[in-house]
$ cat start-v1.txt   # compact mmCIF, C-alpha atoms and all ligand atoms
# COMPACT_ATOMS: atom_id res chain seq x y z
CA MET A 379 -11.38 4.27 26.48
CA ILE A 380 -10.66 1.56 23.89
CA TYR A 381 -7.78 1.98 21.47
CA SER A 382 -6.51 -0.27 18.70
CA ARG A 383 -2.98 -1.61 18.49
CA ILE A 384 -1.05 -3.64 15.93
CA THR A 385 -0.13 -6.97 17.51
CA GLY A 386 1.37 -8.73 14.48
CA THR A 387 2.59 -7.99 10.96
CA GLY A 388 3.11 -10.17 7.89
CA SER A 389 3.83 -9.87 4.20
CA TYR A 390 4.28 -11.89 1.06
CA LEU A 391 5.86 -11.35 -2.34
CA PRO A 392 5.26 -13.77 -5.23
CA GLU A 393 8.28 -15.85 -6.22
CA GLN A 394 8.73 -14.60 -9.77
CA VAL A 395 11.07 -11.59 -9.94
CA LEU A 396 11.28 -9.19 -12.88
CA THR A 397 14.47 -7.09 -12.82
CA ASN A 398 15.02 -3.84 -14.68
CA HIS A 399 17.27 -5.79 -17.05
CA ASP A 400 14.37 -8.19 -17.75
CA LEU A 401 12.24 -5.15 -18.62
CA GLU A 402 14.89 -3.93 -21.07
CA LYS A 403 13.86 -6.95 -23.19
CA ILE A 404 10.16 -5.98 -23.10
CA VAL A 405 10.14 -2.18 -23.58
CA GLU A 406 12.68 0.47 -24.58
CA THR A 407 14.10 1.31 -21.17
CA SER A 408 17.24 0.84 -19.10
CA ASP A 409 18.17 -0.19 -15.59
CA GLU A 410 19.90 3.17 -15.24
CA TRP A 411 16.78 5.19 -16.23
CA ILE A 412 14.48 3.25 -13.92
CA ARG A 413 16.84 3.43 -10.93
CA GLU A 414 17.57 7.13 -11.40
CA ARG A 415 13.94 8.23 -11.86
CA THR A 416 12.24 5.82 -9.44
CA GLY A 417 14.73 3.98 -7.21
CA ILE A 418 13.22 0.67 -8.33
CA GLY A 419 15.56 -2.27 -9.01
CA GLN A 420 13.11 -5.14 -9.35
CA ARG A 421 9.48 -6.12 -8.84
CA HIS A 422 7.70 -9.40 -8.06
CA VAL A 423 4.90 -10.61 -10.32
CA VAL A 424 2.32 -13.36 -9.91
CA GLY A 425 2.27 -16.51 -11.99
CA PRO A 426 -0.68 -17.27 -14.29
CA GLU A 427 -2.61 -19.20 -11.61
CA GLU A 428 -1.86 -16.88 -8.68
CA THR A 429 -4.42 -14.34 -7.44
CA THR A 430 -4.65 -11.43 -5.02
CA CYS A 431 -6.34 -13.69 -2.46
CA ASP A 432 -3.39 -16.13 -2.64
CA LEU A 433 -0.99 -13.31 -1.72
CA ALA A 434 -3.37 -11.97 0.94
CA GLU A 435 -3.65 -15.41 2.54
CA GLN A 436 0.13 -15.80 2.91
CA ALA A 437 0.51 -12.31 4.42
CA ALA A 438 -2.48 -12.85 6.72
CA ARG A 439 -1.21 -16.20 8.03
CA SER A 440 2.18 -14.66 8.74
CA ALA A 441 0.58 -11.68 10.61
CA LEU A 442 -1.63 -14.07 12.63
CA ALA A 443 1.41 -16.15 13.61
CA ALA A 444 3.30 -13.00 14.66
CA ALA A 445 0.33 -11.90 16.79
CA GLY A 446 -0.09 -15.38 18.29
CA ARG A 447 -3.68 -15.48 17.03
CA ARG A 448 -5.69 -18.17 15.27
CA PRO A 449 -8.18 -17.54 12.44
CA GLU A 450 -11.13 -18.09 14.81
CA ASP A 451 -9.97 -15.12 16.94
CA ILE A 452 -10.62 -12.70 14.06
CA ASP A 453 -13.88 -10.74 14.22
CA LEU A 454 -13.35 -8.36 11.28
CA ILE A 455 -11.58 -8.71 7.92
CA ILE A 456 -10.83 -5.73 5.70
CA VAL A 457 -8.80 -6.06 2.50
CA GLY A 458 -7.51 -2.98 0.70
CA THR A 459 -7.27 -3.92 -2.98
CA THR A 460 -7.87 -2.55 -6.45
CA THR A 461 -7.24 -5.90 -8.11
CA PRO A 462 -9.80 -8.24 -6.53
CA ASP A 463 -9.91 -11.87 -7.71
CA GLN A 464 -13.41 -11.35 -9.07
CA VAL A 465 -16.21 -8.76 -9.06
CA PHE A 466 -17.73 -10.55 -6.08
CA PRO A 467 -17.52 -12.10 -3.53
CA SER A 468 -15.06 -9.55 -2.19
CA THR A 469 -11.45 -10.64 -1.69
CA ALA A 470 -12.09 -10.28 2.06
CA CYS A 471 -14.88 -12.91 1.85
CA LEU A 472 -12.67 -15.19 -0.22
CA LEU A 473 -9.93 -14.76 2.37
CA GLN A 474 -12.37 -15.48 5.20
CA GLN A 475 -13.24 -18.77 3.47
CA ARG A 476 -9.55 -19.63 2.88
CA LEU A 477 -8.58 -18.98 6.49
CA GLY A 478 -11.54 -20.98 7.76
CA VAL A 479 -13.08 -18.10 9.73
CA HIS A 480 -16.62 -19.38 10.25
CA ASN A 481 -17.84 -17.07 13.00
CA GLY A 482 -19.84 -14.83 10.65
CA CYS A 483 -17.65 -11.77 11.19
CA ALA A 484 -17.90 -8.82 8.79
CA ALA A 485 -15.56 -9.05 5.79
CA PHE A 486 -15.28 -6.46 3.04
CA ASP A 487 -12.87 -4.80 0.60
CA VAL A 488 -11.83 -1.17 0.56
CA GLN A 489 -10.92 0.26 -2.82
CA ALA A 490 -8.69 3.30 -2.49
CA VAL A 491 -5.90 2.19 -4.83
CA CYS A 492 -2.47 2.93 -3.30
CA THR A 493 -4.09 4.39 -0.16
CA GLY A 494 -6.08 1.14 0.28
CA PHE A 495 -4.20 -0.16 3.32
CA VAL A 496 -4.24 3.17 5.17
CA TYR A 497 -7.98 3.47 4.45
CA ALA A 498 -8.55 -0.12 5.66
CA LEU A 499 -6.53 0.55 8.82
CA GLY A 500 -8.53 3.74 9.47
CA VAL A 501 -11.83 1.88 9.11
CA ALA A 502 -10.70 -1.03 11.33
CA ASN A 503 -9.51 1.46 13.95
CA GLN A 504 -13.01 3.01 14.03
CA PHE A 505 -14.64 -0.42 14.41
CA ILE A 506 -12.39 -1.26 17.35
CA ARG A 507 -12.71 2.13 19.04
CA ALA A 508 -16.50 1.90 18.73
CA GLY A 509 -16.45 -1.53 20.39
CA SER A 510 -17.74 -3.28 17.25
CA ALA A 511 -14.63 -5.50 16.84
CA ARG A 512 -11.75 -6.64 19.04
CA CYS A 513 -9.41 -8.47 16.68
CA ALA A 514 -9.27 -7.24 13.07
CA LEU A 515 -7.28 -8.60 10.18
CA VAL A 516 -6.29 -5.71 7.91
CA VAL A 517 -4.66 -6.54 4.58
CA GLY A 518 -3.33 -4.66 1.57
CA ALA A 519 -2.95 -7.01 -1.42
CA GLU A 520 -2.55 -6.41 -5.14
CA THR A 521 -1.83 -8.08 -8.47
CA ILE A 522 -1.27 -4.79 -10.29
CA SER A 523 0.73 -6.65 -12.98
CA ARG A 524 -2.65 -7.81 -14.33
CA ILE A 525 -3.80 -4.25 -15.09
CA LEU A 526 -0.57 -2.98 -16.65
CA ASP A 527 -0.02 -2.29 -20.31
CA TRP A 528 3.28 -4.12 -20.82
CA ASN A 529 3.91 -2.00 -23.94
CA ASP A 530 3.78 1.27 -21.97
CA ARG A 531 7.24 1.97 -20.54
CA GLY A 532 5.85 4.97 -18.65
CA THR A 533 3.86 2.70 -16.33
CA CYS A 534 4.90 -0.96 -16.57
CA VAL A 535 8.32 -0.36 -15.00
CA LEU A 536 6.82 1.20 -11.87
CA PHE A 537 4.56 -1.44 -10.35
CA GLY A 538 4.69 -4.90 -8.78
CA ASP A 539 2.56 -7.45 -6.93
CA GLY A 540 2.50 -8.28 -3.22
CA ALA A 541 0.60 -8.29 0.04
CA GLY A 542 1.02 -7.05 3.59
CA ALA A 543 -1.16 -7.58 6.64
CA VAL A 544 -1.56 -6.62 10.28
CA VAL A 545 -3.60 -7.94 13.17
CA LEU A 546 -5.18 -4.95 14.94
CA GLU A 547 -6.53 -5.56 18.43
CA ALA A 548 -8.43 -3.69 21.11
CA SER A 549 -6.07 -2.27 23.71
CA GLU A 550 -6.26 -0.09 26.83
CA THR A 551 -3.36 2.01 25.57
CA PRO A 552 -2.71 3.42 22.08
CA GLY A 553 -1.89 2.03 19.54
CA ILE A 554 -3.26 4.18 16.81
CA LEU A 555 -3.33 7.86 17.81
CA SER A 556 -5.11 9.13 14.72
CA THR A 557 -5.88 8.35 11.10
CA HIS A 558 -6.63 10.95 8.41
CA LEU A 559 -8.35 9.89 5.19
CA HIS A 560 -9.00 12.14 2.20
CA ALA A 561 -10.11 12.00 -1.44
CA ASP A 562 -10.64 14.37 -4.34
CA GLY A 563 -12.47 12.73 -7.23
CA ARG A 564 -11.70 15.49 -9.73
CA TYR A 565 -8.39 13.98 -10.82
CA GLU A 566 -9.66 10.84 -12.55
CA SER A 567 -7.93 11.77 -15.79
CA LEU A 568 -4.45 11.73 -14.23
CA LEU A 569 -4.49 8.16 -12.88
CA SER A 570 -7.09 5.52 -13.68
CA VAL A 571 -8.03 2.17 -15.18
CA PRO A 572 -10.95 3.45 -17.26
CA ARG A 573 -12.71 0.11 -17.65
CA GLY A 574 -15.42 -1.62 -15.66
CA ILE A 575 -18.95 -2.86 -15.60
CA GLY A 576 -20.42 0.52 -16.56
CA LYS A 577 -17.81 1.55 -19.12
CA GLY A 578 -15.73 -0.43 -21.59
CA TYR A 579 -16.91 -3.78 -20.21
CA ALA A 580 -16.07 -5.58 -23.45
CA GLN A 581 -12.45 -4.44 -23.19
CA MET A 582 -12.32 -5.54 -19.57
CA VAL A 583 -13.44 -9.01 -20.51
CA ALA A 584 -10.78 -9.12 -23.20
CA GLY A 585 -8.17 -8.30 -20.55
CA GLU A 586 -7.43 -4.80 -21.77
CA ALA A 587 -8.17 -2.90 -18.60
CA TYR A 588 -4.94 -0.98 -18.28
CA LEU A 589 -3.61 1.52 -15.82
CA GLN A 590 -3.16 4.94 -17.42
CA MET A 591 -1.18 7.71 -15.80
CA LYS A 592 0.13 11.21 -16.47
CA GLY A 593 3.29 10.46 -14.48
CA ASN A 594 4.80 13.89 -14.00
CA GLU A 595 1.49 15.51 -12.97
CA VAL A 596 0.83 12.71 -10.48
CA PHE A 597 4.36 13.18 -9.18
CA LYS A 598 3.81 16.86 -8.32
CA TRP A 599 0.43 16.14 -6.78
CA ALA A 600 1.80 13.32 -4.67
CA VAL A 601 4.69 15.39 -3.27
CA ASN A 602 2.47 18.33 -2.29
CA THR A 603 -0.34 16.21 -0.89
CA LEU A 604 1.92 13.94 1.16
CA GLY A 605 3.69 16.95 2.66
CA ARG A 606 0.30 18.40 3.66
CA ILE A 607 -1.07 15.17 5.18
CA VAL A 608 2.03 14.73 7.28
CA GLU A 609 1.70 18.30 8.62
CA GLU A 610 -2.02 17.75 9.29
CA THR A 611 -1.26 14.58 11.26
CA LEU A 612 1.48 16.11 13.38
CA GLU A 613 -0.67 19.19 14.10
CA ALA A 614 -3.73 17.11 15.05
CA ASN A 615 -1.61 15.28 17.63
CA GLY A 616 0.36 18.31 18.82
CA ILE A 617 3.72 16.73 18.11
CA GLU A 618 6.93 17.77 16.34
CA GLN A 619 8.41 15.84 13.44
CA SER A 620 11.50 15.14 15.58
CA GLN A 621 9.33 13.00 17.90
CA VAL A 622 8.46 10.58 15.08
CA ASP A 623 10.73 7.53 15.18
CA TRP A 624 9.85 6.12 11.76
CA LEU A 625 8.19 7.38 8.60
CA ILE A 626 6.62 4.63 6.47
CA PRO A 627 5.75 6.25 3.17
CA HIS A 628 3.88 4.70 0.28
CA GLN A 629 6.61 3.00 -1.76
CA ALA A 630 5.92 4.52 -5.18
CA ASN A 631 9.08 6.33 -6.10
CA ILE A 632 12.27 7.14 -4.16
CA ARG A 633 12.15 10.75 -5.35
CA ILE A 634 8.63 11.26 -3.93
CA ILE A 635 9.77 9.62 -0.66
CA GLN A 636 12.87 11.84 -0.45
CA ALA A 637 10.87 14.99 -1.20
CA THR A 638 8.39 14.19 1.60
CA ALA A 639 11.22 13.42 4.02
CA ARG A 640 12.90 16.75 3.13
CA LYS A 641 9.65 18.65 3.77
CA LEU A 642 9.43 16.91 7.15
CA LYS A 643 13.14 17.57 7.82
CA MET A 644 13.34 13.86 8.53
CA PRO A 645 16.72 12.16 7.94
CA MET A 646 16.48 9.26 5.48
CA GLU A 647 17.78 6.90 8.21
CA LYS A 648 14.34 7.27 9.85
CA VAL A 649 12.46 6.54 6.64
CA ILE A 650 11.58 2.93 5.77
CA VAL A 651 12.37 2.36 2.08
CA THR A 652 11.64 -0.92 0.31
CA VAL A 653 10.73 0.41 -3.14
CA GLU A 654 14.02 -0.85 -4.62
CA GLN A 655 13.02 -4.48 -3.99
CA HIS A 656 9.39 -4.51 -5.14
CA GLY A 657 8.39 -1.27 -6.88
CA ASN A 658 4.96 0.23 -6.29
CA THR A 659 2.70 -2.52 -4.96
CA SER A 660 -0.23 -0.12 -4.44
CA ALA A 661 -2.26 -1.07 -1.33
CA ALA A 662 0.39 -3.60 -0.29
CA SER A 663 3.25 -1.10 -0.16
CA VAL A 664 2.87 0.37 3.35
CA PRO A 665 2.24 -2.94 5.17
CA LEU A 666 5.11 -4.59 3.21
CA ALA A 667 7.49 -1.85 4.37
CA LEU A 668 6.13 -2.04 7.93
CA ASP A 669 6.63 -5.80 8.10
CA ALA A 670 10.17 -5.57 6.68
CA ALA A 671 11.19 -3.01 9.32
CA VAL A 672 9.53 -4.92 12.17
CA ARG A 673 11.19 -8.18 11.18
CA ASP A 674 14.67 -6.67 10.74
CA GLY A 675 14.36 -5.13 14.21
CA ARG A 676 14.31 -1.45 13.26
CA ILE A 677 10.73 -0.79 14.42
CA LYS A 678 10.32 -1.80 18.06
CA ARG A 679 7.36 -1.93 20.43
CA GLY A 680 6.36 1.58 21.50
CA ASP A 681 8.10 3.39 18.60
CA LEU A 682 6.13 6.29 17.13
CA VAL A 683 5.38 5.47 13.49
CA LEU A 684 3.88 7.73 10.83
CA MET A 685 2.40 6.04 7.75
CA GLU A 686 1.30 7.97 4.69
CA ALA A 687 -0.01 7.03 1.26
CA PHE A 688 -1.32 8.58 -1.94
CA GLY A 689 -3.11 6.97 -4.88
CA GLY A 690 -5.64 7.01 -7.68
CA GLY A 691 -8.91 8.74 -6.93
CA PHE A 692 -7.07 10.79 -5.86
CA THR A 693 -7.05 9.33 -2.38
CA TRP A 694 -4.55 10.01 0.37
CA GLY A 695 -4.24 9.31 4.05
CA SER A 696 -2.05 8.81 7.09
CA ALA A 697 -1.91 6.98 10.38
CA LEU A 698 0.12 7.93 13.46
CA LEU A 699 0.64 5.10 15.92
CA HIS A 700 2.70 3.65 18.70
CA PHE A 701 3.81 0.27 17.42
N1 LIG B 801 12.46 4.19 -19.73
C1 LIG B 801 13.10 5.13 -20.45
N2 LIG B 801 12.54 6.30 -20.78
C2 LIG B 801 11.29 6.53 -20.32
C3 LIG B 801 10.58 5.59 -19.58
C4 LIG B 801 11.22 4.37 -19.28
N3 LIG B 801 10.63 3.42 -18.55
N4 LIG B 801 9.37 6.11 -19.27
C5 LIG B 801 9.32 7.33 -19.82
N5 LIG B 801 10.48 7.59 -20.45
C6 LIG B 801 10.86 8.79 -21.19
C7 LIG B 801 9.68 9.59 -21.65
O1 LIG B 801 9.16 9.07 -22.86
C8 LIG B 801 10.29 10.96 -21.83
O2 LIG B 801 10.96 10.98 -23.06
P1 LIG B 801 10.97 12.31 -23.98
O3 LIG B 801 11.58 13.37 -23.11
O4 LIG B 801 11.76 11.89 -25.14
O5 LIG B 801 9.52 12.57 -24.26
C9 LIG B 801 11.33 11.04 -20.72
O6 LIG B 801 11.57 9.68 -20.32
C10 LIG B 801 10.88 11.85 -19.54
O7 LIG B 801 9.54 11.49 -19.21
P2 LIG B 801 8.82 12.08 -17.98
O8 LIG B 801 7.49 11.42 -17.87
O9 LIG B 801 8.84 13.58 -18.01
O10 LIG B 801 9.80 11.58 -16.82
P3 LIG B 801 9.71 11.83 -15.30
O11 LIG B 801 11.00 12.38 -14.83
O12 LIG B 801 8.46 12.56 -14.90
O13 LIG B 801 9.62 10.36 -14.74
C11 LIG B 801 7.96 8.90 -13.83
C12 LIG B 801 8.51 9.56 -15.07
C13 LIG B 801 6.75 8.08 -14.21
C14 LIG B 801 9.04 8.01 -13.24
C15 LIG B 801 7.59 10.00 -12.80
O14 LIG B 801 6.79 10.96 -13.39
C16 LIG B 801 6.84 9.44 -11.62
O15 LIG B 801 7.38 8.68 -10.84
N6 LIG B 801 5.59 9.86 -11.43
C17 LIG B 801 4.77 9.42 -10.32
C18 LIG B 801 4.26 8.07 -10.62
C19 LIG B 801 3.70 7.41 -9.44
O16 LIG B 801 4.39 7.20 -8.47
N7 LIG B 801 2.44 7.04 -9.53
C20 LIG B 801 1.76 6.31 -8.58
C21 LIG B 801 1.28 7.19 -7.53
S1 LIG B 801 0.41 6.24 -6.40

$ encode --input "start-v1.txt" --output "structure tokens"
Amino acid sequence: MIYSRITGTGSYLPEQVLTNHDLEKIVETSDEWIRERTGIGQRHVVGPEETTCDLAEQAARSALAAAGRRPEDIDLIIVGTTTPDQVFPSTACLLQQRLGVHNGCAAFDVQAVCTGFVYALGVANQFIRAGSARCALVVGAETISRILDWNDRGTCVLFGDGAGAVVLEASETPGILSTHLHADGRYESLLSVPRGIGKGYAQMVAGEAYLQMKGNEVFKWAVNTLGRIVEETLEANGIEQSQVDWLIPHQANIRIIQATARKLKMPMEKVIVTVEQHGNTSAASVPLALDAAVRDGRIKRGDLVLMEAFGGGFTWGSALLHF
């Protein structure tokens, strides 16, 4: 039996920081409102020349170093992103070029918005378990600041840019115990960027492709769905919530995270929370939180970790793994 196991983690946040007080100068909002409703204190945003691939490269190099691997060891690259550098080549192919991986390995993007990393991890796990890859680079990277309407206080205060990455390798012992990926395309109207090649292309070219969201409806959906996916994951593996060492939730909003933890009867000390420092970084959020907790020594080898995410689509998913 072949399993897949994370052998290294990395992450990267762009240098420029936008605090809640900075946002008070852009839209009618307050530090107090943002902290109380979301738990966010600041977010990082890219500079004019920086792209998703730049962030992905930094996170990937850091994960490779942690795993003790070189670019030529990689035989699969998957990037979860909703903000690719360009329509094509995929960000994964651009990253392959940047890293100097010239062995012809498969490289592709997965677009599942905030669930992008969990989707990418699920796909890489299948490749490894099927014997089609042995050393995968799995990245979640976003420049969401580029698709925000900076006049809309209901959305622009929530998001930030960043990247997280893991090296996932074939192993005789788990590793990943299970992944669960879901989608329901009926909820387009609640969370979307309704621009693209087929619709509103002119606006996209003019840089007016903005994220639109019915925040309080998404909130309710996220809380219910994340509670369900966590139950599904525990049931599929025949384990109790008390056996889980760490919950790594999608870092969208502290209130959504707390509600999921309450449903799971999980004390907040076992929940990794980084949303205060970088807001919702979409596909980057789970691997950013994972890397933070690995580097500060909380998550140790062998710990049982439950990741969960929810995003536009709607998409949602989870992964249960021994780190
Ligand atoms: N600053 C100050 N006031 C704001 C504001 C801001 N940044 N954004 C909205 N408001 C106002 C609204 O205009 C509204 O004012 P009104 O009552 O005068 O109309 C009031 O605050 C309440 O708005 P509401 O949308 O009901 O607030 P909320 O408690 O639902 O919080 C969100 C809004 C966006 C923080 C919350 O709905 C949320 O987090 N939703 C989930 C979003 C998310 O995580 N999406 C990504 C999922 S992957």

$ closest_residue --input "start-v1.txt" --among "A:Thr461, A:Ser663, A:Asn529, A:Ser556" --to "Lys403 in chain A" --atoms "only C-alpha atoms"
A:Asn529

$ axis_aligned_box --input "start-v1.txt" --around "ligand LIG 801 (chain B)" --padding-each-side "4 Å" --output "lines of an AutoDock Vina configuration file"
center_x = 6.8
center_y = 8.5
center_z = -15.8
size_x = 20.7
size_y = 18.2
size_z = 26.7

$ residues_near_ligand --input "start-v1.txt" --ligand "ligand LIG 801 (chain B)" --cutoff "6 Å" --atoms "all atoms listed in the file" --output "PyMOL selection string"
chain A and resi 407-408+411+415-416+492+531-532+535+593-594+596-597+630-631+688-689

$ closest_residue --input "start-v1.txt" --among "A:Leu536, A:Ala514, A:Met685, A:Gly509" --to "Ala485 in chain A" --atoms "only C-alpha atoms"
A:Ala514

$ closest_residue --input "start-v1.txt" --among "A:Ile452, A:Ala437, A:Ile525, A:Ile554" --to "Gly574 in chain A" --atoms "all atoms listed in the file"
A:Ile525

$ atom_distance --input "start-v1.txt" --atom1 "CA of Leu454 in chain A" --atom2 "CA of Val423 in chain A"
28.4 Å

$ decode --input "start-v1.txt" --residues "range 471-480 of chain A" --atoms "all heavy atoms" --output "CSV table (one decimal), in the first residue's frame"
chain,number,residue,atom,x,y,z
A,471,CYS,N,2.6,25.8,-14.4
A,471,CYS,CA,3.6,25.7,-15.5
A,471,CYS,C,4.6,26.8,-15.3
A,471,CYS,O,5.8,26.7,-15.5
A,471,CYS,CB,3.0,25.7,-16.9
A,471,CYS,SG,2.2,24.2,-17.3
A,472,LEU,N,4.1,28.0,-15.0
A,472,LEU,CA,5.1,29.2,-14.8
A,472,LEU,C,6.0,28.9,-13.6
A,472,LEU,O,7.2,29.1,-13.6
A,472,LEU,CB,4.3,30.4,-14.5
A,472,LEU,CG,3.3,30.9,-15.6
A,472,LEU,CD1,2.6,32.2,-15.2
A,472,LEU,CD2,4.1,31.2,-16.9
A,473,LEU,N,5.4,28.2,-12.6
A,473,LEU,CA,6.2,27.9,-11.4
A,473,LEU,C,7.3,26.8,-11.7
A,473,LEU,O,8.4,26.9,-11.3
A,473,LEU,CB,5.3,27.4,-10.3
A,473,LEU,CG,5.9,27.0,-9.0
A,473,LEU,CD1,6.6,28.2,-8.3
A,473,LEU,CD2,4.9,26.4,-8.0
A,474,GLN,N,6.9,25.9,-12.6
A,474,GLN,CA,7.8,24.8,-13.0
A,474,GLN,C,9.0,25.4,-13.7
A,474,GLN,O,10.2,25.1,-13.4
A,474,GLN,CB,7.0,23.9,-14.0
A,474,GLN,CG,7.8,22.6,-14.4
A,474,GLN,CD,7.1,21.9,-15.5
A,474,GLN,OE1,6.6,22.5,-16.4
A,474,GLN,NE2,7.1,20.6,-15.4
A,475,GLN,N,8.7,26.4,-14.6
A,475,GLN,CA,9.8,27.1,-15.3
A,475,GLN,C,10.7,27.9,-14.3
A,475,GLN,O,11.9,27.8,-14.3
A,475,GLN,CB,9.1,28.1,-16.2
A,475,GLN,CG,9.9,28.9,-17.1
A,475,GLN,CD,9.1,30.1,-17.7
A,475,GLN,OE1,9.5,31.2,-17.5
A,475,GLN,NE2,8.0,29.8,-18.4
A,476,ARG,N,10.1,28.6,-13.3
A,476,ARG,CA,10.8,29.4,-12.3
A,476,ARG,C,11.7,28.5,-11.5
A,476,ARG,O,12.9,28.9,-11.2
A,476,ARG,CB,9.8,30.0,-11.3
A,476,ARG,CG,9.2,31.2,-11.6
A,476,ARG,CD,10.0,32.4,-11.8
A,476,ARG,NE,9.1,33.4,-12.2
A,476,ARG,CZ,8.3,34.1,-11.4
A,476,ARG,NH1,8.5,34.0,-10.1
A,476,ARG,NH2,7.4,34.9,-11.8
A,477,LEU,N,11.2,27.3,-11.1
A,477,LEU,CA,12.0,26.5,-10.2
A,477,LEU,C,13.0,25.7,-11.0
A,477,LEU,O,13.9,25.1,-10.4
A,477,LEU,CB,11.1,25.5,-9.5
A,477,LEU,CG,10.1,26.1,-8.5
A,477,LEU,CD1,9.1,25.0,-7.9
A,477,LEU,CD2,10.8,26.8,-7.3
A,478,GLY,N,12.9,25.7,-12.3
A,478,GLY,CA,13.9,25.0,-13.1
A,478,GLY,C,13.6,23.5,-13.1
A,478,GLY,O,14.6,22.7,-13.1
A,479,VAL,N,12.4,23.1,-13.1
A,479,VAL,CA,12.0,21.6,-13.1
A,479,VAL,C,11.9,21.3,-14.6
A,479,VAL,O,10.9,21.6,-15.2
A,479,VAL,CB,10.7,21.4,-12.3
A,479,VAL,CG1,10.3,19.9,-12.4
A,479,VAL,CG2,10.8,21.8,-10.9
A,480,HIS,N,12.9,20.6,-15.1
A,480,HIS,CA,12.9,20.3,-16.5
A,480,HIS,C,12.7,18.8,-16.8
A,480,HIS,O,13.2,18.3,-17.9
A,480,HIS,CB,14.2,20.8,-17.2
A,480,HIS,CG,14.4,22.3,-17.0
A,480,HIS,ND1,13.4,23.2,-17.2
A,480,HIS,CD2,15.5,22.9,-16.5
A,480,HIS,CE1,13.9,24.4,-16.9
A,480,HIS,NE2,15.1,24.3,-16.5
